[in-house]
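Colleague: So here's my_file_24.pdb, just PDB, C-alpha atoms:
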```pdb
ATOM      1  CA  ILE A   1    -126.006 -43.242  28.421
ATOM      2  CA  ASN A   2    -126.251 -45.823  31.134
ATOM      3  CA  GLU A   3    -124.060 -44.535  33.975
ATOM      4  CA  PRO A   4    -122.585 -47.915  35.035
ATOM      5  CA  MET A   5    -121.000 -48.096  31.560
ATOM      6  CA  LEU A   6    -118.991 -44.931  32.211
ATOM      7  CA  ASP A   7    -115.569 -44.774  33.805
ATOM      8  CA  PRO A   8    -116.135 -42.931  37.132
ATOM      9  CA  HIS A   9    -112.687 -41.320  36.873
ATOM     10  CA  PHE A  10    -113.899 -39.412  33.838
ATOM     11  CA  TYR A  11    -117.570 -38.644  34.448
ATOM     12  CA  SER A  12    -117.874 -36.980  37.808
ATOM     13  CA  ASN A  13    -119.116 -33.703  36.279
ATOM     14  CA  LYS A  14    -122.395 -34.437  34.524
ATOM     15  CA  THR A  15    -123.127 -30.797  33.727
ATOM     16  CA  LYS A  16    -120.712 -30.662  30.796
ATOM     17  CA  PRO A  17    -122.098 -31.168  27.274
ATOM     18  CA  CYS A  18    -119.477 -33.684  26.257
ATOM     19  CA  ILE A  19    -118.091 -36.968  27.497
ATOM     20  CA  VAL A  20    -114.984 -38.832  26.423
ATOM     21  CA  ILE A  21    -115.630 -42.455  25.584
ATOM     22  CA  SER A  22    -113.131 -45.188  25.109
ATOM     23  CA  ARG A  23    -111.611 -45.799  21.679
ATOM     24  CA  LEU A  24    -110.228 -49.195  20.790
ATOM     25  CA  LEU A  25    -107.553 -49.013  18.100
ATOM     26  CA  PHE A  26    -107.477 -51.559  15.258
ATOM     27  CA  PRO A  27    -104.184 -51.102  13.350
ATOM     28  CA  ALA A  28    -103.756 -52.002   9.671
ATOM     29  CA  LYS A  29    -102.680 -55.577  10.373
ATOM     30  CA  GLU A  30    -104.439 -57.862   7.903
ATOM     31  CA  THR A  31    -106.233 -60.681   9.650
ATOM     32  CA  GLY A  32    -107.230 -62.875   6.781
ATOM     33  CA  LEU A  33    -110.774 -63.838   6.065
ATOM     34  CA  ASN A  34    -110.680 -67.426   7.344
ATOM     35  CA  GLY A  35    -113.157 -68.161  10.060
ATOM     36  CA  LEU A  36    -115.569 -65.379   9.123
ATOM     37  CA  PRO A  37    -119.246 -66.195   8.861
ATOM     38  CA  THR A  38    -120.611 -66.388   5.323
ATOM     39  CA  LEU A  39    -121.628 -62.992   3.984
ATOM     40  CA  PRO A  40    -124.666 -62.358   1.804
ATOM     41  CA  SER A  41    -123.989 -63.129  -1.862
ATOM     42  CA  GLY A  42    -122.132 -60.361  -3.684
ATOM     43  CA  LEU A  43    -120.479 -58.799  -0.632
ATOM     44  CA  ASN A  44    -116.701 -59.039  -0.343
ATOM     45  CA  ALA A  45    -115.399 -59.179   3.231
ATOM     46  CA  SER A  46    -112.082 -57.585   2.232
ATOM     47  CA  ASN A  47    -113.973 -54.353   1.435
ATOM     48  CA  PHE A  48    -114.967 -53.935   5.083
ATOM     49  CA  HIS A  49    -112.319 -52.707   7.550
ATOM     50  CA  THR A  50    -114.323 -54.264  10.361
ATOM     51  CA  LEU A  51    -113.772 -57.703   8.818
ATOM     52  CA  ARG A  52    -110.354 -57.225   7.238
ATOM     53  CA  PHE A  53    -108.552 -55.787  10.287
ATOM     54  CA  ARG A  54    -109.483 -57.686  13.437
ATOM     55  CA  HIS A  55    -106.325 -57.282  15.531
ATOM     56  CA  ARG A  56    -106.786 -54.650  18.206
ATOM     57  CA  ALA A  57    -104.797 -52.946  20.893
ATOM     58  CA  SER A  58    -105.121 -54.311  24.403
ATOM     59  CA  VAL A  59    -107.891 -52.890  26.594
ATOM     60  CA  ILE A  60    -105.451 -52.885  29.517
ATOM     61  CA  GLU A  61    -103.468 -49.905  28.203
ATOM     62  CA  PRO A  62    -105.224 -46.507  28.335
ATOM     63  CA  GLN A  63    -105.834 -45.052  24.878
ATOM     64  CA  ILE A  64    -106.835 -41.628  23.692
ATOM     65  CA  GLY A  65    -110.640 -41.491  23.693
ATOM     66  CA  LYS A  66    -113.294 -40.058  21.391
ATOM     67  CA  SER A  67    -115.676 -37.290  22.319
ATOM     68  CA  MET A  68    -119.423 -37.740  22.341
ATOM     69  CA  VAL A  69    -121.031 -34.319  22.184
ATOM     70  CA  ASP A  70    -124.532 -33.048  22.861
ATOM     71  CA  LEU A  71    -124.502 -30.316  20.197
ATOM     72  CA  SER A  72    -127.617 -28.658  21.596
ATOM     73  CA  ARG A  73    -125.580 -27.754  24.695
ATOM     74  CA  MET A  74    -122.457 -26.538  22.865
ATOM     75  CA  ARG A  75    -123.658 -23.079  21.760
ATOM     76  CA  ASP A  76    -121.639 -21.250  24.396
ATOM     77  CA  TYR A  77    -118.383 -23.080  23.743
ATOM     78  CA  ASN A  78    -115.587 -22.185  21.374
ATOM     79  CA  ILE A  79    -114.311 -25.436  19.903
ATOM     80  CA  PRO A  80    -111.164 -25.179  17.798
ATOM     81  CA  SER A  81    -111.397 -28.843  16.745
ATOM     82  CA  ILE A  82    -113.537 -31.868  17.555
ATOM     83  CA  HIS A  83    -110.314 -33.532  18.700
ATOM     84  CA  ARG A  84    -109.474 -30.650  21.037
ATOM     85  CA  LEU A  85    -112.530 -29.923  23.139
ATOM     86  CA  ASN A  86    -110.292 -28.740  25.973
ATOM     87  CA  ASN A  87    -112.192 -28.629  29.262
ATOM     88  CA  ASN A  88    -115.630 -28.819  27.653
ATOM     89  CA  CYS A  89    -115.705 -32.579  28.213
ATOM     90  CA  THR A  90    -116.089 -34.405  31.479
ATOM     91  CA  SER A  91    -112.583 -35.813  31.553
ATOM     92  CA  ASN A  92    -109.489 -33.841  32.480
ATOM     93  CA  ASN A  93    -107.676 -35.251  29.484
ATOM     94  CA  GLY A  94    -108.413 -37.536  26.548
ATOM     95  CA  TRP A  95    -106.980 -40.762  27.995
ATOM     96  CA  VAL A  96    -109.565 -43.374  28.871
ATOM     97  CA  HIS A  97    -109.255 -46.633  30.810
ATOM     98  CA  ASN A  98    -110.619 -49.016  28.168
ATOM     99  CA  SER A  99    -110.807 -51.981  30.502
ATOM    100  CA  GLU A 100    -113.264 -50.105  32.732
ATOM    101  CA  MET A 101    -115.573 -48.977  29.940
ATOM    102  CA  GLY A 102    -118.567 -50.954  28.752
ATOM    103  CA  PHE A 103    -119.007 -48.798  25.660
ATOM    104  CA  ARG A 104    -116.163 -48.416  23.158
ATOM    105  CA  VAL A 105    -115.704 -46.886  19.724
ATOM    106  CA  HIS A 106    -113.745 -49.097  17.334
ATOM    107  CA  HIS A 107    -111.170 -46.983  15.490
ATOM    108  CA  TYR A 108    -109.843 -48.636  12.310
ATOM    109  CA  VAL A 109    -106.622 -47.214  10.877
ATOM    110  CA  GLY A 110    -107.282 -48.983   7.574
ATOM    111  CA  THR A 111    -104.922 -49.087   4.631
ATOM    112  CA  TRP A 112    -102.457 -46.305   3.789
ATOM    113  CA  GLU A 113    -104.646 -45.468   0.773
ATOM    114  CA  SER A 114    -107.729 -44.942   2.922
ATOM    115  CA  PHE A 115    -105.786 -43.139   5.680
ATOM    116  CA  ARG A 116    -103.953 -40.680   3.412
ATOM    117  CA  ARG A 117    -105.482 -37.380   2.340
ATOM    118  CA  PRO A 118    -104.433 -35.550  -0.815
ATOM    119  CA  GLY A 119    -102.875 -32.105  -0.521
ATOM    120  CA  PHE A 120    -101.356 -31.080   2.789
ATOM    121  CA  ASP A 121    -101.772 -34.018   5.108
ATOM    122  CA  SER A 122    -100.919 -33.021   8.659
ATOM    123  CA  ARG A 123    -101.113 -36.661   9.740
ATOM    124  CA  GLY A 124     -98.938 -38.109   6.977
ATOM    125  CA  LYS A 125     -97.125 -41.419   6.719
ATOM    126  CA  ARG A 126     -95.397 -40.838  10.070
ATOM    127  CA  LYS A 127     -98.764 -40.799  11.895
ATOM    128  CA  PHE A 128     -99.979 -43.833   9.933
ATOM    129  CA  ASP A 129     -96.846 -45.777  10.907
ATOM    130  CA  GLU A 130     -97.137 -44.608  14.523
ATOM    131  CA  ARG A 131    -100.710 -45.914  14.783
ATOM    132  CA  ASN A 132     -99.560 -49.240  13.392
ATOM    133  CA  ARG A 133     -96.731 -49.750  15.908
ATOM    134  CA  VAL A 134     -99.086 -51.043  18.569
ATOM    135  CA  LYS A 135     -97.555 -53.877  20.526
ATOM    136  CA  ALA A 136     -99.320 -56.857  22.077
ATOM    137  CA  LEU A 137    -102.172 -57.003  19.584
ATOM    138  CA  LYS A 138    -105.144 -59.214  20.356
ATOM    139  CA  LEU A 139    -107.336 -60.918  17.780
ATOM    140  CA  ASP A 140    -110.868 -59.631  18.270
ATOM    141  CA  THR A 141    -113.122 -62.656  17.925
ATOM    142  CA  SER A 142    -116.297 -60.739  18.722
ATOM    143  CA  ILE A 143    -116.799 -59.658  15.105
ATOM    144  CA  ASP A 144    -120.456 -60.100  14.275
ATOM    145  CA  THR A 145    -121.692 -59.991  10.676
ATOM    146  CA  THR A 146    -125.371 -60.560  11.422
ATOM    147  CA  TRP A 147    -125.983 -56.805  11.072
ATOM    148  CA  LEU A 148    -124.868 -57.031   7.446
ATOM    149  CA  THR A 149    -127.270 -59.887   6.668
ATOM    150  CA  LYS A 150    -130.110 -57.978   8.344
ATOM    151  CA  PHE A 151    -129.146 -54.829   6.411
ATOM    152  CA  VAL A 152    -129.252 -56.728   3.083
ATOM    153  CA  ASN A 153    -132.636 -58.235   4.009
ATOM    154  CA  GLN A 154    -133.941 -54.743   4.818
ATOM    155  CA  VAL A 155    -132.703 -52.783   1.767
ATOM    156  CA  GLY A 156    -131.963 -55.504  -0.799
ATOM    157  CA  ILE A 157    -128.603 -56.676  -2.125
ATOM    158  CA  HIS A 158    -128.226 -54.020  -4.844
ATOM    159  CA  ARG A 159    -128.863 -51.099  -2.466
ATOM    160  CA  ALA A 160    -126.658 -52.720   0.190
ATOM    161  CA  LEU A 161    -123.805 -53.009  -2.325
ATOM    162  CA  THR A 162    -124.247 -49.374  -3.344
ATOM    163  CA  LEU A 163    -124.274 -48.131   0.258
ATOM    164  CA  THR A 164    -121.337 -50.217   1.451
ATOM    165  CA  GLN A 165    -118.548 -51.533  -0.726
ATOM    166  CA  ASP A 166    -119.461 -49.647  -3.945
ATOM    167  CA  PHE A 167    -119.481 -46.376  -2.016
ATOM    168  CA  ARG A 168    -116.129 -47.216  -0.433
ATOM    169  CA  MET A 169    -114.562 -48.226  -3.733
ATOM    170  CA  ASP A 170    -115.833 -45.025  -5.415
ATOM    171  CA  ALA A 171    -114.410 -42.932  -2.547
ATOM    172  CA  GLU A 172    -111.051 -44.735  -2.759
ATOM    173  CA  LEU A 173    -110.943 -44.238  -6.538
ATOM    174  CA  GLU A 174    -111.711 -40.532  -6.126
ATOM    175  CA  MET A 175    -108.955 -40.246  -3.516
ATOM    176  CA  LEU A 176    -106.493 -42.077  -5.773
ATOM    177  CA  GLU A 177    -107.317 -39.717  -8.656
ATOM    178  CA  LYS A 178    -106.660 -36.706  -6.391
ATOM    179  CA  ILE A 179    -103.339 -38.171  -5.254
ATOM    180  CA  ILE A 180    -102.273 -38.861  -8.863
ATOM    181  CA  MET A 181    -103.246 -35.324  -9.890
ATOM    182  CA  GLN A 182    -101.337 -33.875  -6.919
ATOM    183  CA  THR A 183     -98.262 -35.969  -7.766
ATOM    184  CA  ASN A 184     -98.418 -34.903 -11.416
ATOM    185  CA  ASN A 185     -98.680 -31.229 -10.419
ATOM    186  CA  GLN A 186     -95.681 -31.608  -8.103
ATOM    187  CA  ASN A 187     -93.670 -33.303 -10.863
ATOM    188  CA  GLU A 188     -94.564 -30.540 -13.349
ATOM    189  CA  SER A 189     -93.457 -27.836 -10.913
ATOM    190  CA  ILE A 190     -90.133 -29.639 -10.364
ATOM    191  CA  ILE A 191     -89.524 -29.830 -14.134
ATOM    192  CA  GLU A 192     -90.262 -26.126 -14.600
TER     193      GLU A 192
END
```
Go ahead and render the structure in this file as structure tokens.

Modeller:
Amino acid sequence: INEPMLDPHFYSNKTKPCIVISRLLFPAKETGLNGLPTLPSGLNASNFHTLRFRHRASVIEPQIGKSMVDLSRMRDYNIPSIHRLNNNCTSNNGWVHNSEMGFRVHHYVGTWESFRRPGFDSRGKRKFDERNRVKALKLDTSIDTTWLTKFVNQVGIHRALTLTQDFRMDAELEMLEKIIMQTNNQNESIIE
């Protein structure tokens, strides 16, 4: 990682196997597809969160970051969760100054259907709603779709469809089936 891209408040200790990088939150506010570049034939922009949700939180406000980990150096660390690396990372806490970072992870909340997990969901609707209460949203106009055109040229349209929107739709259908089965099981137990 190029050191000038890192927030000096967070990366003074370079001996640790993990750094916290900035995460830019994109809530589930539909943007509309007007103004997007033309996609390769057969691809539907509404199937891509990166194109469907283009409003983001401001970079001025610090946001909780994401950890980038060198796994080869983590053998001696006990990590209870990837979200709770404790003092194994270079920052003292997970909050990152987004405006000072040159490298950011885009974090898309997505739809409730893609956010929700079947079974016990520790995040739940409350967490989904909380992530969508971001104030002072900015429209991100830096969305670039040239990668998608290059990807289609590289693998062909049929493989690109399979690896992108078909995969996503299959995963969403599988999740929906699990949720329906869970709901039916709950209803049966109530009736009994």

Colleague: I'd like the interatomic distance between atom CA of Gln165 of chain A and atom CA of Phe48 of chain A, to a tenth of an Å.

Modeller: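 The value is 7.2 Å.
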
Colleague: Give me the residues near Asp140 of chain A as a ChimeraX atom specification, where near means some atom within 12 Å (using all atoms listed in the file) and where sequence neighbours in that chain fewer than 3 positions away do not count.

Modeller: /A:24-27,31,36,50-59,106,137,143-144

Colleague: Smallest atom-to-atom distance to Arg159 of chain A: which of A:Ala28, A:Asn34, A:Leu43, A:Ala136, using only C-alpha atoms?

Modeller: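 Nearest to Arg159 of chain A: A:Leu43.
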
Colleague: Considering all atoms listed in the file, return as a short mmCIF file (atom, residue, chain, number, x, y, z; two decimals) with C-alpha atoms, in the frame of the given file whatever protein or nucleic-acid residues lie within 9 Å of Asp70 of chain A, sequence-local ones (same chain, fewer than 4 positions apart) excluded.

Modeller:
```cif
data_model
loop_
_atom_site.label_atom_id
_atom_site.label_comp_id
_atom_site.auth_asym_id
_atom_site.auth_seq_id
_atom_site.Cartn_x
_atom_site.Cartn_y
_atom_site.Cartn_z
CA PRO A 17 -122.10 -31.17 27.27
CA CYS A 18 -119.48 -33.68 26.26
CA ILE A 19 -118.09 -36.97 27.50
CA MET A 74 -122.46 -26.54 22.86
#
```

Colleague: Using all atoms listed in the file for the distances, tell me which of A:Asp129, A:Glu172, A:Glu177, A:Glu100 is nearest to Ile21 of chain A.

Modeller: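 Closest candidate: A:Glu100.
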
Colleague: From the options A:Lys16, A:His49, A:Lys127, A:Lys66, which residue's atoms come nearest to Phe103 of chain A, counting all atoms listed in the file?

Modeller: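 Among A:Lys16, A:His49, A:Lys127, A:Lys66, it is A:Lys66 that comes nearest to Phe103 of chain A.
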
Colleague: What's the separation between atom CA of Asn153 of chain A and atom CA of Pro40 of chain A, in Å to one decimal place?

Modeller: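 Interatomic distance, atom CA of Asn153 of chain A to atom CA of Pro40 of chain A: 9.2 Å.
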
Colleague: For atom CA of His107 of chain A and atom CA of Ser72 of chain A, quote the distance in Å rounded to one decimal.

Modeller: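 Taking atom CA of His107 of chain A as the start and atom CA of Ser72 of chain A as the end point, the length is 25.4 Å.
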
Colleague: When the PyMOL selection byres ((chain A and resi 22) around 6) is applied to the file above, which residues end up in the set, as a list in words?

Modeller: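 So the PyMOL selection byres ((chain A and resi 22) around 6), applied here, picks out Ile21, Arg23, Gly65, Val96, Asn98 and Arg104 of chain A.
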
Colleague: Can you write out the residues you just picked, keeping C-alpha atoms, as a PDB file, in the frame of the given file?

Modeller:
```pdb
ATOM      1  CA  ILE A  21    -115.630 -42.455  25.584  1.00  0.00           C
ATOM      2  CA  ARG A  23    -111.611 -45.799  21.679  1.00  0.00           C
ATOM      3  CA  GLY A  65    -110.640 -41.491  23.693  1.00  0.00           C
ATOM      4  CA  VAL A  96    -109.565 -43.374  28.871  1.00  0.00           C
ATOM      5  CA  ASN A  98    -110.619 -49.016  28.168  1.00  0.00           C
ATOM      6  CA  ARG A 104    -116.163 -48.416  23.158  1.00  0.00           C
TER       7      ARG A 104
END
```

Colleague: Rank nothing, just name the residue among A:Lys29, A:Lys138, A:Trp112, A:Ala45 nearest to Gly124 of chain A, using all atoms listed in the file.

Modeller: A:Trp112

Colleague: Determine, counting only C-alpha atoms, which protein, DNA and RNA residues have an atom within 12 Å of an atom of Lys125 of chain A; residues of the same chain fewer than 5 positions away are not included. Present the result as a list in words.

Modeller: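 The filter keeps Val109, Thr111, Trp112, Glu113, Ser114, Phe115, Arg116, Arg117, Phe120, Glu130, Arg131 and Asn132 of chain A.
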
Colleague: Which residues are near Thr146 of chain A? Cut-off 9 Å, only C-alpha atoms, ignore same chain within fewer than 3 positions. Put them as a list in words.

Modeller: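 Contacts, with the query itself left out: Pro37, Leu39, Thr149, Lys150 and Phe151 of chain A.
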